[in-house]
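Text of work.cif, listed as mmCIF, C-alpha atoms:
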data_model
loop_
_atom_site.group_PDB
_atom_site.id
_atom_site.type_symbol
_atom_site.label_atom_id
_atom_site.label_comp_id
_atom_site.auth_asym_id
_atom_site.auth_seq_id
_atom_site.Cartn_x
_atom_site.Cartn_y
_atom_site.Cartn_z
ATOM 1 C CA MET A 55 7.900 -48.126 -50.669
ATOM 2 C CA HIS A 56 11.632 -48.677 -50.052
ATOM 3 C CA PHE A 57 13.742 -45.610 -49.304
ATOM 4 C CA LEU A 58 16.826 -47.825 -48.989
ATOM 5 C CA PRO A 59 18.104 -50.381 -51.515
ATOM 6 C CA GLU A 60 15.826 -53.396 -51.170
ATOM 7 C CA THR A 61 18.709 -55.724 -50.279
ATOM 8 C CA LEU A 62 19.734 -53.442 -47.408
ATOM 9 C CA ASP A 63 16.108 -53.122 -46.335
ATOM 10 C CA ASP A 64 15.844 -56.934 -46.292
ATOM 11 C CA TYR A 65 18.963 -57.110 -44.113
ATOM 12 C CA ILE A 66 17.474 -54.650 -41.622
ATOM 13 C CA VAL A 67 14.264 -56.661 -41.395
ATOM 14 C CA ALA A 68 16.165 -59.939 -41.005
ATOM 15 C CA HIS A 69 18.197 -58.570 -38.110
ATOM 16 C CA SER A 70 15.281 -56.976 -36.278
ATOM 17 C CA GLU A 71 12.888 -58.632 -33.841
ATOM 18 C CA THR A 72 10.804 -61.431 -35.339
ATOM 19 C CA GLU A 73 7.095 -60.885 -35.927
ATOM 20 C CA PRO A 74 4.985 -62.785 -33.338
ATOM 21 C CA GLU A 75 3.052 -65.805 -34.640
ATOM 22 C CA LEU A 76 -0.346 -64.281 -33.852
ATOM 23 C CA LEU A 77 0.455 -61.274 -36.029
ATOM 24 C CA GLN A 78 1.628 -63.565 -38.812
ATOM 25 C CA GLU A 79 -1.761 -65.293 -38.582
ATOM 26 C CA LEU A 80 -3.568 -61.942 -38.615
ATOM 27 C CA THR A 81 -1.596 -60.883 -41.685
ATOM 28 C CA ARG A 82 -2.432 -64.092 -43.576
ATOM 29 C CA GLU A 83 -6.153 -63.781 -42.861
ATOM 30 C CA THR A 84 -6.165 -60.080 -43.732
ATOM 31 C CA TYR A 85 -4.643 -60.841 -47.140
ATOM 32 C CA GLN A 86 -7.120 -63.680 -47.677
ATOM 33 C CA LYS A 87 -10.321 -61.886 -46.684
ATOM 34 C CA ILE A 88 -9.960 -58.105 -46.427
ATOM 35 C CA LEU A 89 -9.774 -55.463 -49.148
ATOM 36 C CA GLN A 90 -6.623 -53.316 -49.336
ATOM 37 C CA PRO A 91 -4.436 -55.517 -47.110
ATOM 38 C CA ILE A 92 -1.507 -53.233 -47.948
ATOM 39 C CA MET A 93 -2.916 -50.977 -45.214
ATOM 40 C CA LEU A 94 -1.358 -53.315 -42.624
ATOM 41 C CA SER A 95 1.601 -51.821 -40.759
ATOM 42 C CA GLY A 96 3.672 -54.892 -41.622
ATOM 43 C CA PRO A 97 6.222 -56.875 -39.586
ATOM 44 C CA TYR A 98 9.074 -54.372 -39.500
ATOM 45 C CA GLN A 99 7.054 -51.260 -38.761
ATOM 46 C CA GLY A 100 5.037 -53.312 -36.305
ATOM 47 C CA ARG A 101 8.192 -54.152 -34.364
ATOM 48 C CA VAL A 102 9.145 -50.463 -34.426
ATOM 49 C CA LEU A 103 5.749 -49.526 -32.969
ATOM 50 C CA SER A 104 6.089 -52.239 -30.355
ATOM 51 C CA MET A 105 9.563 -51.061 -29.338
ATOM 52 C CA ILE A 106 8.480 -47.419 -29.046
ATOM 53 C CA SER A 107 5.497 -48.406 -26.926
ATOM 54 C CA LYS A 108 7.680 -50.573 -24.678
ATOM 55 C CA LEU A 109 10.105 -47.678 -24.193
ATOM 56 C CA ILE A 110 7.279 -45.291 -23.277
ATOM 57 C CA ARG A 111 5.326 -47.779 -21.120
ATOM 58 C CA PRO A 112 2.063 -45.867 -21.686
ATOM 59 C CA LYS A 113 -0.933 -46.144 -19.413
ATOM 60 C CA THR A 114 -3.289 -44.849 -22.097
ATOM 61 C CA ILE A 115 -2.993 -45.095 -25.887
ATOM 62 C CA LEU A 116 -5.227 -43.621 -28.583
ATOM 63 C CA GLU A 117 -5.130 -45.108 -32.067
ATOM 64 C CA LEU A 118 -6.855 -43.469 -35.033
ATOM 65 C CA GLY A 119 -7.396 -46.071 -37.743
ATOM 66 C CA THR A 120 -7.697 -49.681 -36.536
ATOM 67 C CA PHE A 121 -8.039 -51.542 -39.837
ATOM 68 C CA THR A 122 -7.640 -55.228 -38.830
ATOM 69 C CA GLY A 123 -5.893 -54.470 -35.548
ATOM 70 C CA TYR A 124 -2.276 -55.234 -36.413
ATOM 71 C CA ALA A 125 -0.781 -51.969 -35.150
ATOM 72 C CA THR A 126 -3.199 -52.018 -32.217
ATOM 73 C CA LEU A 127 -1.681 -55.252 -30.983
ATOM 74 C CA CYS A 128 1.860 -54.005 -31.556
ATOM 75 C CA LEU A 129 1.187 -50.888 -29.483
ATOM 76 C CA ALA A 130 -0.576 -52.911 -26.779
ATOM 77 C CA GLU A 131 2.650 -54.832 -26.134
ATOM 78 C CA GLY A 132 4.047 -51.802 -24.300
ATOM 79 C CA LEU A 133 1.016 -51.040 -22.132
ATOM 80 C CA GLN A 134 1.353 -50.906 -18.380
ATOM 81 C CA ALA A 135 -0.344 -53.807 -16.604
ATOM 82 C CA ASN A 136 -3.440 -51.690 -15.905
ATOM 83 C CA GLY A 137 -3.185 -49.686 -19.124
ATOM 84 C CA GLU A 138 -5.667 -49.428 -21.954
ATOM 85 C CA ILE A 139 -5.783 -48.594 -25.633
ATOM 86 C CA HIS A 140 -8.703 -46.876 -27.328
ATOM 87 C CA THR A 141 -8.833 -47.501 -31.056
ATOM 88 C CA ILE A 142 -11.175 -45.776 -33.500
ATOM 89 C CA ASP A 143 -12.245 -46.926 -36.945
ATOM 90 C CA ILE A 144 -15.172 -46.128 -39.211
ATOM 91 C CA ASN A 145 -15.540 -49.579 -40.836
ATOM 92 C CA GLU A 146 -18.147 -51.613 -38.954
ATOM 93 C CA GLU A 147 -17.447 -54.693 -41.088
ATOM 94 C CA LEU A 148 -14.032 -55.090 -39.423
ATOM 95 C CA VAL A 149 -15.146 -54.946 -35.782
ATOM 96 C CA ASP A 150 -15.600 -58.702 -35.303
ATOM 97 C CA PHE A 151 -12.377 -59.485 -37.178
ATOM 98 C CA GLN A 152 -10.469 -57.106 -34.897
ATOM 99 C CA ARG A 153 -12.063 -58.489 -31.741
ATOM 100 C CA LYS A 154 -11.196 -62.067 -32.684
ATOM 101 C CA TYR A 155 -7.490 -61.266 -32.703
ATOM 102 C CA PHE A 156 -7.681 -58.938 -29.721
ATOM 103 C CA GLY A 157 -9.223 -61.813 -27.777
ATOM 104 C CA LYS A 158 -6.484 -64.205 -28.838
ATOM 105 C CA SER A 159 -3.736 -61.797 -27.866
ATOM 106 C CA GLY A 160 -4.128 -61.586 -24.119
ATOM 107 C CA TYR A 161 -4.724 -57.826 -24.388
ATOM 108 C CA GLY A 162 -8.430 -58.124 -25.167
ATOM 109 C CA ALA A 163 -9.672 -56.606 -21.905
ATOM 110 C CA GLN A 164 -7.345 -53.633 -22.364
ATOM 111 C CA ILE A 165 -8.419 -52.803 -25.928
ATOM 112 C CA HIS A 166 -11.527 -50.643 -26.379
ATOM 113 C CA GLN A 167 -12.975 -50.417 -29.882
ATOM 114 C CA HIS A 168 -14.829 -47.285 -30.970
ATOM 115 C CA LEU A 169 -16.836 -47.316 -34.184
ATOM 116 C CA GLY A 170 -17.427 -44.080 -36.045
ATOM 117 C CA SER A 171 -15.770 -40.869 -37.126
ATOM 118 C CA ALA A 172 -12.702 -39.962 -35.097
ATOM 119 C CA ILE A 173 -13.579 -36.272 -35.535
ATOM 120 C CA THR A 174 -16.824 -36.945 -33.668
ATOM 121 C CA LEU A 175 -15.549 -39.490 -31.160
ATOM 122 C CA ILE A 176 -12.301 -37.914 -29.916
ATOM 123 C CA PRO A 177 -14.080 -35.072 -28.055
ATOM 124 C CA THR A 178 -16.246 -37.642 -26.235
ATOM 125 C CA LEU A 179 -13.250 -39.445 -24.729
ATOM 126 C CA ASN A 180 -12.811 -38.056 -21.230
ATOM 127 C CA LEU A 181 -9.201 -39.213 -21.055
ATOM 128 C CA THR A 182 -5.650 -38.030 -21.514
ATOM 129 C CA PHE A 183 -3.083 -40.080 -23.409
ATOM 130 C CA ASP A 184 0.583 -40.988 -23.162
ATOM 131 C CA LEU A 185 0.785 -42.232 -26.754
ATOM 132 C CA VAL A 186 -1.274 -41.468 -29.864
ATOM 133 C CA PHE A 187 -0.926 -43.257 -33.204
ATOM 134 C CA ILE A 188 -2.454 -41.490 -36.220
ATOM 135 C CA ASP A 189 -3.018 -43.724 -39.237
ATOM 136 C CA ALA A 190 -6.451 -42.827 -40.590
ATOM 137 C CA ASP A 191 -7.671 -40.678 -43.479
ATOM 138 C CA LYS A 192 -4.937 -38.245 -44.470
ATOM 139 C CA PRO A 193 -7.143 -35.190 -45.184
ATOM 140 C CA ASN A 194 -8.054 -35.104 -41.481
ATOM 141 C CA TYR A 195 -4.531 -35.385 -40.033
ATOM 142 C CA VAL A 196 -4.404 -31.677 -39.156
ATOM 143 C CA ASN A 197 -7.872 -31.873 -37.595
ATOM 144 C CA TYR A 198 -6.849 -34.913 -35.564
ATOM 145 C CA PHE A 199 -3.792 -33.097 -34.269
ATOM 146 C CA HIS A 200 -5.846 -30.152 -33.016
ATOM 147 C CA LEU A 201 -8.314 -32.516 -31.340
ATOM 148 C CA ILE A 202 -5.726 -34.604 -29.521
ATOM 149 C CA ILE A 203 -2.953 -32.156 -28.598
ATOM 150 C CA ASP A 204 -4.715 -30.980 -25.421
ATOM 151 C CA LYS A 205 -5.502 -34.592 -24.506
ATOM 152 C CA LEU A 206 -1.832 -35.560 -24.782
ATOM 153 C CA ASN A 207 0.018 -35.662 -21.464
ATOM 154 C CA PRO A 208 3.235 -33.631 -21.101
ATOM 155 C CA GLY A 209 6.036 -35.799 -22.464
ATOM 156 C CA GLY A 210 3.462 -37.784 -24.445
ATOM 157 C CA ILE A 211 4.173 -39.028 -27.953
ATOM 158 C CA ILE A 212 2.284 -38.706 -31.231
ATOM 159 C CA LEU A 213 3.242 -41.250 -33.895
ATOM 160 C CA SER A 214 2.041 -40.309 -37.389
ATOM 161 C CA ASP A 215 2.153 -42.801 -40.249
ATOM 162 C CA ASN A 216 2.516 -42.235 -44.017
ATOM 163 C CA VAL A 217 4.133 -38.811 -43.641
ATOM 164 C CA LEU A 218 6.316 -39.346 -46.750
ATOM 165 C CA TRP A 219 3.245 -40.457 -48.722
ATOM 166 C CA HIS A 220 4.963 -42.684 -51.277
ATOM 167 C CA GLY A 221 7.541 -39.964 -51.891
ATOM 168 C CA LYS A 222 4.899 -37.538 -53.188
ATOM 169 C CA VAL A 223 5.878 -34.961 -50.551
ATOM 170 C CA ILE A 224 8.896 -33.969 -52.674
ATOM 171 C CA GLU A 225 7.152 -34.108 -56.054
ATOM 172 C CA PRO A 226 5.292 -31.219 -57.723
ATOM 173 C CA LEU A 227 1.856 -31.034 -56.133
ATOM 174 C CA LYS A 228 -1.029 -31.882 -58.444
ATOM 175 C CA GLU A 229 -3.995 -29.538 -58.173
ATOM 176 C CA LYS A 230 -6.551 -32.206 -57.229
ATOM 177 C CA ASP A 231 -4.283 -34.277 -54.975
ATOM 178 C CA ILE A 232 -6.043 -33.571 -51.690
ATOM 179 C CA SER A 233 -4.258 -36.256 -49.680
ATOM 180 C CA THR A 234 -0.738 -35.138 -50.592
ATOM 181 C CA LYS A 235 -1.652 -31.516 -49.826
ATOM 182 C CA ALA A 236 -3.000 -32.642 -46.450
ATOM 183 C CA VAL A 237 0.196 -34.553 -45.617
ATOM 184 C CA LEU A 238 2.333 -31.557 -46.615
ATOM 185 C CA ASP A 239 0.241 -29.264 -44.397
ATOM 186 C CA TYR A 240 0.441 -31.734 -41.537
ATOM 187 C CA ASN A 241 4.216 -32.110 -41.765
ATOM 188 C CA THR A 242 4.565 -28.315 -41.735
ATOM 189 C CA LEU A 243 2.304 -28.101 -38.681
ATOM 190 C CA LEU A 244 4.407 -30.647 -36.774
ATOM 191 C CA LYS A 245 7.580 -28.773 -37.645
ATOM 192 C CA ASN A 246 6.275 -25.357 -36.627
ATOM 193 C CA ASP A 247 4.060 -26.025 -33.594
ATOM 194 C CA ASP A 248 6.123 -24.996 -30.569
ATOM 195 C CA ARG A 249 4.199 -27.299 -28.219
ATOM 196 C CA ILE A 250 5.988 -30.324 -29.654
ATOM 197 C CA GLU A 251 9.370 -31.466 -30.944
ATOM 198 C CA THR A 252 9.402 -33.715 -33.988
ATOM 199 C CA VAL A 253 11.628 -36.057 -35.970
ATOM 200 C CA VAL A 254 10.727 -37.840 -39.206
ATOM 201 C CA LEU A 255 11.900 -41.430 -39.628
ATOM 202 C CA PRO A 256 12.214 -42.845 -43.192
ATOM 203 C CA ILE A 257 10.592 -46.116 -42.116
ATOM 204 C CA ARG A 258 8.424 -47.651 -44.833
ATOM 205 C CA ASP A 259 6.097 -44.799 -45.885
ATOM 206 C CA GLY A 260 7.446 -42.408 -43.260
ATOM 207 C CA LEU A 261 6.804 -42.306 -39.515
ATOM 208 C CA THR A 262 6.925 -39.115 -37.475
ATOM 209 C CA ILE A 263 7.620 -39.054 -33.735
ATOM 210 C CA SER A 264 6.413 -35.902 -32.004
ATOM 211 C CA ARG A 265 6.933 -35.327 -28.270
ATOM 212 C CA LYS A 266 4.823 -32.866 -26.311
ATOM 213 C CA LYS A 267 7.007 -30.496 -24.310
#

Can I see the file as C-alpha coordinates?
Amino acid sequence: MHFLPETLDDYIVAHSETEPELLQELTRETYQKILQPIMLSGPYQGRVLSMISKLIRPKTILELGTFTGYATLCLAEGLQANGEIHTIDINEELVDFQRKYFGKSGYGAQIHQHLGSAITLIPTLNLTFDLVFIDADKPNYVNYFHLIIDKLNPGGIILSDNVLWHGKVIEPLKEKDISTKAVLDYNTLLKNDDRIETVVLPIRDGLTISRKK
(Lines of atoms letter the chains of each structure in order from A and count residues from 1; the text may use other names and numbers.)
(Lines give C-alpha, C1' and ligand atoms only; values in the text may rest on other atoms or scores of the structure.)
Protein backbone atom coordinates (compact mmCIF):
# COMPACT_ATOMS: atom_id res chain seq x y z
CA MET A 1 0.00 0.00 0.00
CA HIS A 2 1.30 3.48 -0.91
CA PHE A 3 0.69 6.27 1.60
CA LEU A 4 2.47 8.72 -0.72
CA PRO A 5 1.76 9.35 -4.41
CA GLU A 6 3.26 6.40 -6.27
CA THR A 7 5.56 8.62 -8.33
CA LEU A 8 7.02 10.15 -5.16
CA ASP A 9 7.30 6.71 -3.60
CA ASP A 10 9.20 5.52 -6.69
CA TYR A 11 11.57 8.48 -6.35
CA ILE A 12 12.27 7.62 -2.71
CA VAL A 13 13.05 4.02 -3.60
CA ALA A 14 15.27 5.05 -6.52
CA HIS A 15 17.34 7.34 -4.30
CA SER A 16 17.72 4.89 -1.43
CA GLU A 17 20.32 2.14 -1.05
CA THR A 18 20.16 -0.55 -3.73
CA GLU A 19 18.89 -4.01 -2.81
CA PRO A 20 21.77 -6.54 -2.62
CA GLU A 21 21.91 -9.14 -5.41
CA LEU A 22 21.38 -12.07 -3.04
CA LEU A 23 18.12 -10.54 -1.83
CA GLN A 24 17.03 -9.94 -5.41
CA GLU A 25 17.64 -13.65 -6.03
CA LEU A 26 15.70 -14.59 -2.89
CA THR A 27 12.81 -12.39 -4.01
CA ARG A 28 12.68 -13.97 -7.48
CA GLU A 29 12.64 -17.51 -6.09
CA THR A 30 10.05 -16.61 -3.46
CA TYR A 31 7.71 -15.30 -6.16
CA GLN A 32 8.34 -18.39 -8.29
CA LYS A 33 7.87 -21.06 -5.63
CA ILE A 34 6.25 -19.79 -2.43
CA LEU A 35 2.63 -18.94 -1.68
CA GLN A 36 1.81 -15.36 -0.64
CA PRO A 37 5.11 -13.79 -1.77
CA ILE A 38 3.63 -10.39 -0.90
CA MET A 39 4.66 -11.23 2.67
CA LEU A 40 8.25 -10.30 1.75
CA SER A 41 9.49 -7.09 3.35
CA GLY A 42 10.56 -5.82 -0.08
CA PRO A 43 13.64 -3.85 -1.20
CA TYR A 44 12.84 -0.47 0.34
CA GLN A 45 11.65 -1.68 3.73
CA GLY A 46 14.51 -4.15 3.70
CA ARG A 47 17.01 -1.31 3.36
CA VAL A 48 15.24 0.51 6.20
CA LEU A 49 15.57 -2.56 8.43
CA SER A 50 19.20 -2.91 7.46
CA MET A 51 19.95 0.73 8.25
CA ILE A 52 18.23 0.57 11.65
CA SER A 53 20.14 -2.58 12.54
CA LYS A 54 23.44 -1.01 11.45
CA LEU A 55 22.73 2.05 13.61
CA ILE A 56 21.95 -0.11 16.65
CA ARG A 57 24.78 -2.63 16.09
CA PRO A 58 22.91 -5.33 18.06
CA LYS A 59 24.59 -8.32 19.62
CA THR A 60 21.34 -10.26 19.79
CA ILE A 61 18.25 -10.01 17.57
CA LEU A 62 14.91 -11.79 17.86
CA GLU A 63 12.69 -12.04 14.80
CA LEU A 64 9.10 -13.29 14.98
CA GLY A 65 8.01 -14.43 11.53
CA THR A 66 10.81 -15.61 9.22
CA PHE A 67 8.87 -16.37 6.04
CA THR A 68 11.62 -16.89 3.41
CA GLY A 69 14.28 -15.04 5.38
CA TYR A 70 14.41 -11.71 3.55
CA ALA A 71 14.05 -9.47 6.61
CA THR A 72 16.27 -11.85 8.59
CA LEU A 73 19.14 -11.18 6.22
CA CYS A 74 18.50 -7.44 6.24
CA LEU A 75 18.63 -7.34 10.04
CA ALA A 76 21.72 -9.57 10.12
CA GLU A 77 23.66 -6.91 8.19
CA GLY A 78 23.90 -4.83 11.37
CA LEU A 79 24.97 -7.60 13.75
CA GLN A 80 28.16 -7.27 15.73
CA ALA A 81 30.90 -9.64 14.58
CA ASN A 82 30.03 -12.13 17.34
CA GLY A 83 26.31 -11.37 17.29
CA GLU A 84 23.43 -13.69 16.55
CA ILE A 85 19.85 -13.57 15.37
CA HIS A 86 17.15 -15.97 16.52
CA THR A 87 14.26 -16.22 14.10
CA ILE A 88 10.99 -18.05 14.75
CA ASP A 89 8.48 -19.34 12.23
CA ILE A 90 5.75 -21.97 12.32
CA ASN A 91 6.03 -23.16 8.69
CA GLU A 92 8.32 -26.20 8.51
CA GLU A 93 8.12 -26.25 4.70
CA LEU A 94 10.20 -23.05 4.53
CA VAL A 95 13.10 -24.13 6.76
CA ASP A 96 15.32 -25.49 3.98
CA PHE A 97 14.54 -22.54 1.70
CA GLN A 98 15.55 -20.12 4.47
CA ARG A 99 18.73 -22.03 5.28
CA LYS A 100 19.83 -22.06 1.64
CA TYR A 101 19.90 -18.27 1.53
CA PHE A 102 21.27 -17.91 5.05
CA GLY A 103 24.16 -20.12 3.98
CA LYS A 104 24.82 -18.04 0.88
CA SER A 105 24.81 -14.80 2.82
CA GLY A 106 27.86 -15.15 5.01
CA TYR A 107 25.67 -14.81 8.12
CA GLY A 108 24.66 -18.47 8.23
CA ALA A 109 26.53 -19.33 11.43
CA GLN A 110 24.96 -16.34 13.19
CA ILE A 111 21.35 -17.15 12.26
CA HIS A 112 19.47 -19.63 14.46
CA GLN A 113 16.17 -20.96 13.13
CA HIS A 114 13.43 -21.98 15.55
CA LEU A 115 10.43 -23.91 14.28
CA GLY A 116 7.14 -23.68 16.13
CA SER A 117 4.83 -21.28 17.89
CA ALA A 118 6.52 -18.10 19.07
CA ILE A 119 4.18 -18.04 22.09
CA THR A 120 5.69 -21.37 23.16
CA LEU A 121 9.27 -20.77 22.08
CA ILE A 122 9.98 -17.25 23.36
CA PRO A 123 9.92 -18.29 27.05
CA THR A 124 12.47 -21.03 26.30
CA LEU A 125 15.06 -18.58 24.97
CA ASN A 126 17.42 -17.84 27.84
CA LEU A 127 18.63 -14.63 26.23
CA THR A 128 18.11 -10.89 26.25
CA PHE A 129 17.86 -8.89 23.04
CA ASP A 130 19.01 -5.56 21.66
CA LEU A 131 16.58 -5.64 18.72
CA VAL A 132 13.26 -7.42 18.17
CA PHE A 133 11.35 -7.50 14.89
CA ILE A 134 7.68 -8.53 15.11
CA ASP A 135 6.14 -9.60 11.81
CA ALA A 136 4.08 -12.70 12.56
CA ASP A 137 0.37 -13.33 13.11
CA LYS A 138 -1.33 -10.08 14.05
CA PRO A 139 -3.76 -11.47 16.68
CA ASN A 140 -0.76 -12.36 18.85
CA TYR A 141 1.09 -9.02 18.64
CA VAL A 142 0.00 -8.00 22.15
CA ASN A 143 0.98 -11.42 23.51
CA TYR A 144 4.37 -11.19 21.82
CA PHE A 145 4.98 -7.79 23.37
CA HIS A 146 4.31 -9.07 26.89
CA LEU A 147 6.59 -12.05 26.30
CA ILE A 148 9.54 -10.07 24.97
CA ILE A 149 9.47 -6.79 26.91
CA ASP A 150 11.37 -8.23 29.89
CA LYS A 151 13.85 -9.88 27.53
CA LEU A 152 14.59 -6.56 25.82
CA ASN A 153 17.72 -4.82 27.08
CA PRO A 154 17.45 -1.20 28.29
CA GLY A 155 17.73 0.99 25.21
CA GLY A 156 16.69 -1.97 23.06
CA ILE A 157 14.40 -1.56 20.07
CA ILE A 158 11.19 -3.29 19.03
CA LEU A 159 10.30 -2.96 15.34
CA SER A 160 6.68 -3.87 14.56
CA ASP A 161 5.50 -4.35 10.99
CA ASN A 162 2.04 -3.83 9.44
CA VAL A 163 0.86 -1.43 12.15
CA LEU A 164 -1.24 0.58 9.65
CA TRP A 165 -2.78 -2.65 8.34
CA HIS A 166 -3.63 -1.51 4.81
CA GLY A 167 -5.17 1.66 6.22
CA LYS A 168 -7.85 -0.30 8.11
CA VAL A 169 -6.75 1.26 11.42
CA ILE A 170 -8.66 4.44 10.52
CA GLU A 171 -11.71 2.74 9.02
CA PRO A 172 -14.83 1.66 10.94
CA LEU A 173 -14.02 -1.64 12.62
CA LYS A 174 -15.96 -4.63 11.31
CA GLU A 175 -17.29 -6.93 14.01
CA LYS A 176 -15.49 -10.07 12.81
CA ASP A 177 -12.22 -8.40 11.78
CA ILE A 178 -10.00 -9.95 14.43
CA SER A 179 -6.70 -8.89 12.87
CA THR A 180 -7.57 -5.20 12.61
CA LYS A 181 -8.85 -5.21 16.20
CA ALA A 182 -5.57 -6.82 17.29
CA VAL A 183 -3.48 -4.19 15.47
CA LEU A 184 -5.55 -1.38 17.01
CA ASP A 185 -5.07 -2.86 20.49
CA TYR A 186 -1.36 -3.29 19.88
CA ASN A 187 -0.87 0.28 18.67
CA THR A 188 -2.70 1.54 21.77
CA LEU A 189 -0.49 -0.62 23.99
CA LEU A 190 2.69 0.78 22.43
CA LYS A 191 1.43 4.32 22.88
CA ASN A 192 0.43 3.88 26.51
CA ASP A 193 3.06 1.55 27.98
CA ASP A 194 5.41 3.78 29.98
CA ARG A 195 8.32 1.33 29.67
CA ILE A 196 8.84 2.34 26.05
CA GLU A 197 8.75 5.35 23.74
CA THR A 198 7.28 4.85 20.29
CA VAL A 199 7.05 6.45 16.86
CA VAL A 200 5.05 5.17 13.89
CA LEU A 201 6.63 5.43 10.45
CA PRO A 202 4.33 5.42 7.37
CA ILE A 203 6.67 3.04 5.54
CA ARG A 204 4.83 0.58 3.30
CA ASP A 205 2.19 -0.97 5.61
CA GLY A 206 3.42 0.90 8.67
CA LEU A 207 6.49 0.28 10.83
CA THR A 208 6.66 1.16 14.51
CA ILE A 209 9.92 1.82 16.35
CA SER A 210 9.67 1.41 20.11
CA ARG A 211 12.65 2.02 22.41
CA LYS A 212 12.81 0.56 25.91
CA LYS A 213 13.63 3.25 28.46

All file atoms of stretch 124-138 of chain A boxed axis-aligned, 6 Å per side, centre plus edges, as lines of an AutoDock Vina configuration file:
center_x = -0.8
center_y = -52.3
center_z = -26.2
size_x = 21.7
size_y = 17.8
size_z = 32.5

Using all atoms listed in the file, determine which residues lie at most 10 Å from stretch 218-228 of chain A, disregarding the query and same-chain residues fewer than 6 positions distant; provide the list as a PyMOL selection string.
chain A and resi 55-57+192+234-235+237-238+241+254-262

At what distance in Å, to one decimal, does atom CA of A:Val186 lie from atom CA of A:Ser171?
16.2 Å

Target residues per the PyMOL selection byres ((chain A and resi 206) around 9), formatted as a list in words
Thr182, Phe183, Asp184, Leu185, Val186, Ile202, Ile203, Asp204, Lys205, Asn207, Pro208, Gly209, Gly210, Ile211, Ile212 and Lys266 of chain A

Compile the contact shell of A:Gln134 as a PyMOL selection string: residues with an atom at most 7 Å away, counting only C-alpha atoms, same-chain residues fewer than 6 positions apart removed.
chain A and resi 111-113

Store the residues of this selection in a file with C-alpha atoms, as an mmCIF file, in the coordinates of the input.
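Written out: again_24.cif:
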data_model
loop_
_atom_site.group_PDB
_atom_site.id
_atom_site.type_symbol
_atom_site.label_atom_id
_atom_site.label_comp_id
_atom_site.auth_asym_id
_atom_site.auth_seq_id
_atom_site.Cartn_x
_atom_site.Cartn_y
_atom_site.Cartn_z
ATOM 1 C CA ARG A 111 5.326 -47.779 -21.120
ATOM 2 C CA PRO A 112 2.063 -45.867 -21.686
ATOM 3 C CA LYS A 113 -0.933 -46.144 -19.413
#

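What separates atom CA of A:Glu146 from atom CA of A:Val217 is a distance of 26.1 Å.
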
Residue by residue, what does the PyMOL selection byres ((chain A and resi 91) around 12) grab here? Present the result as an mmCIF file with C-alpha atoms, in the coordinates of the input.
data_model
loop_
_atom_site.group_PDB
_atom_site.id
_atom_site.type_symbol
_atom_site.label_atom_id
_atom_site.label_comp_id
_atom_site.auth_asym_id
_atom_site.auth_seq_id
_atom_site.Cartn_x
_atom_site.Cartn_y
_atom_site.Cartn_z
ATOM 1 C CA LEU A 80 -3.568 -61.942 -38.615
ATOM 2 C CA THR A 81 -1.596 -60.883 -41.685
ATOM 3 C CA ARG A 82 -2.432 -64.092 -43.576
ATOM 4 C CA GLU A 83 -6.153 -63.781 -42.861
ATOM 5 C CA THR A 84 -6.165 -60.080 -43.732
ATOM 6 C CA TYR A 85 -4.643 -60.841 -47.140
ATOM 7 C CA GLN A 86 -7.120 -63.680 -47.677
ATOM 8 C CA LYS A 87 -10.321 -61.886 -46.684
ATOM 9 C CA ILE A 88 -9.960 -58.105 -46.427
ATOM 10 C CA LEU A 89 -9.774 -55.463 -49.148
ATOM 11 C CA GLN A 90 -6.623 -53.316 -49.336
ATOM 12 C CA ILE A 92 -1.507 -53.233 -47.948
ATOM 13 C CA MET A 93 -2.916 -50.977 -45.214
ATOM 14 C CA LEU A 94 -1.358 -53.315 -42.624
ATOM 15 C CA SER A 95 1.601 -51.821 -40.759
ATOM 16 C CA GLY A 96 3.672 -54.892 -41.622
ATOM 17 C CA PHE A 121 -8.039 -51.542 -39.837
ATOM 18 C CA THR A 122 -7.640 -55.228 -38.830
ATOM 19 C CA GLY A 123 -5.893 -54.470 -35.548
ATOM 20 C CA TYR A 124 -2.276 -55.234 -36.413
#

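Nearest residue to A:Leu103, choosing from A:Asp215, A:Glu60, A:Ile165, A:Lys158 and counting only C-alpha atoms: A:Asp215.
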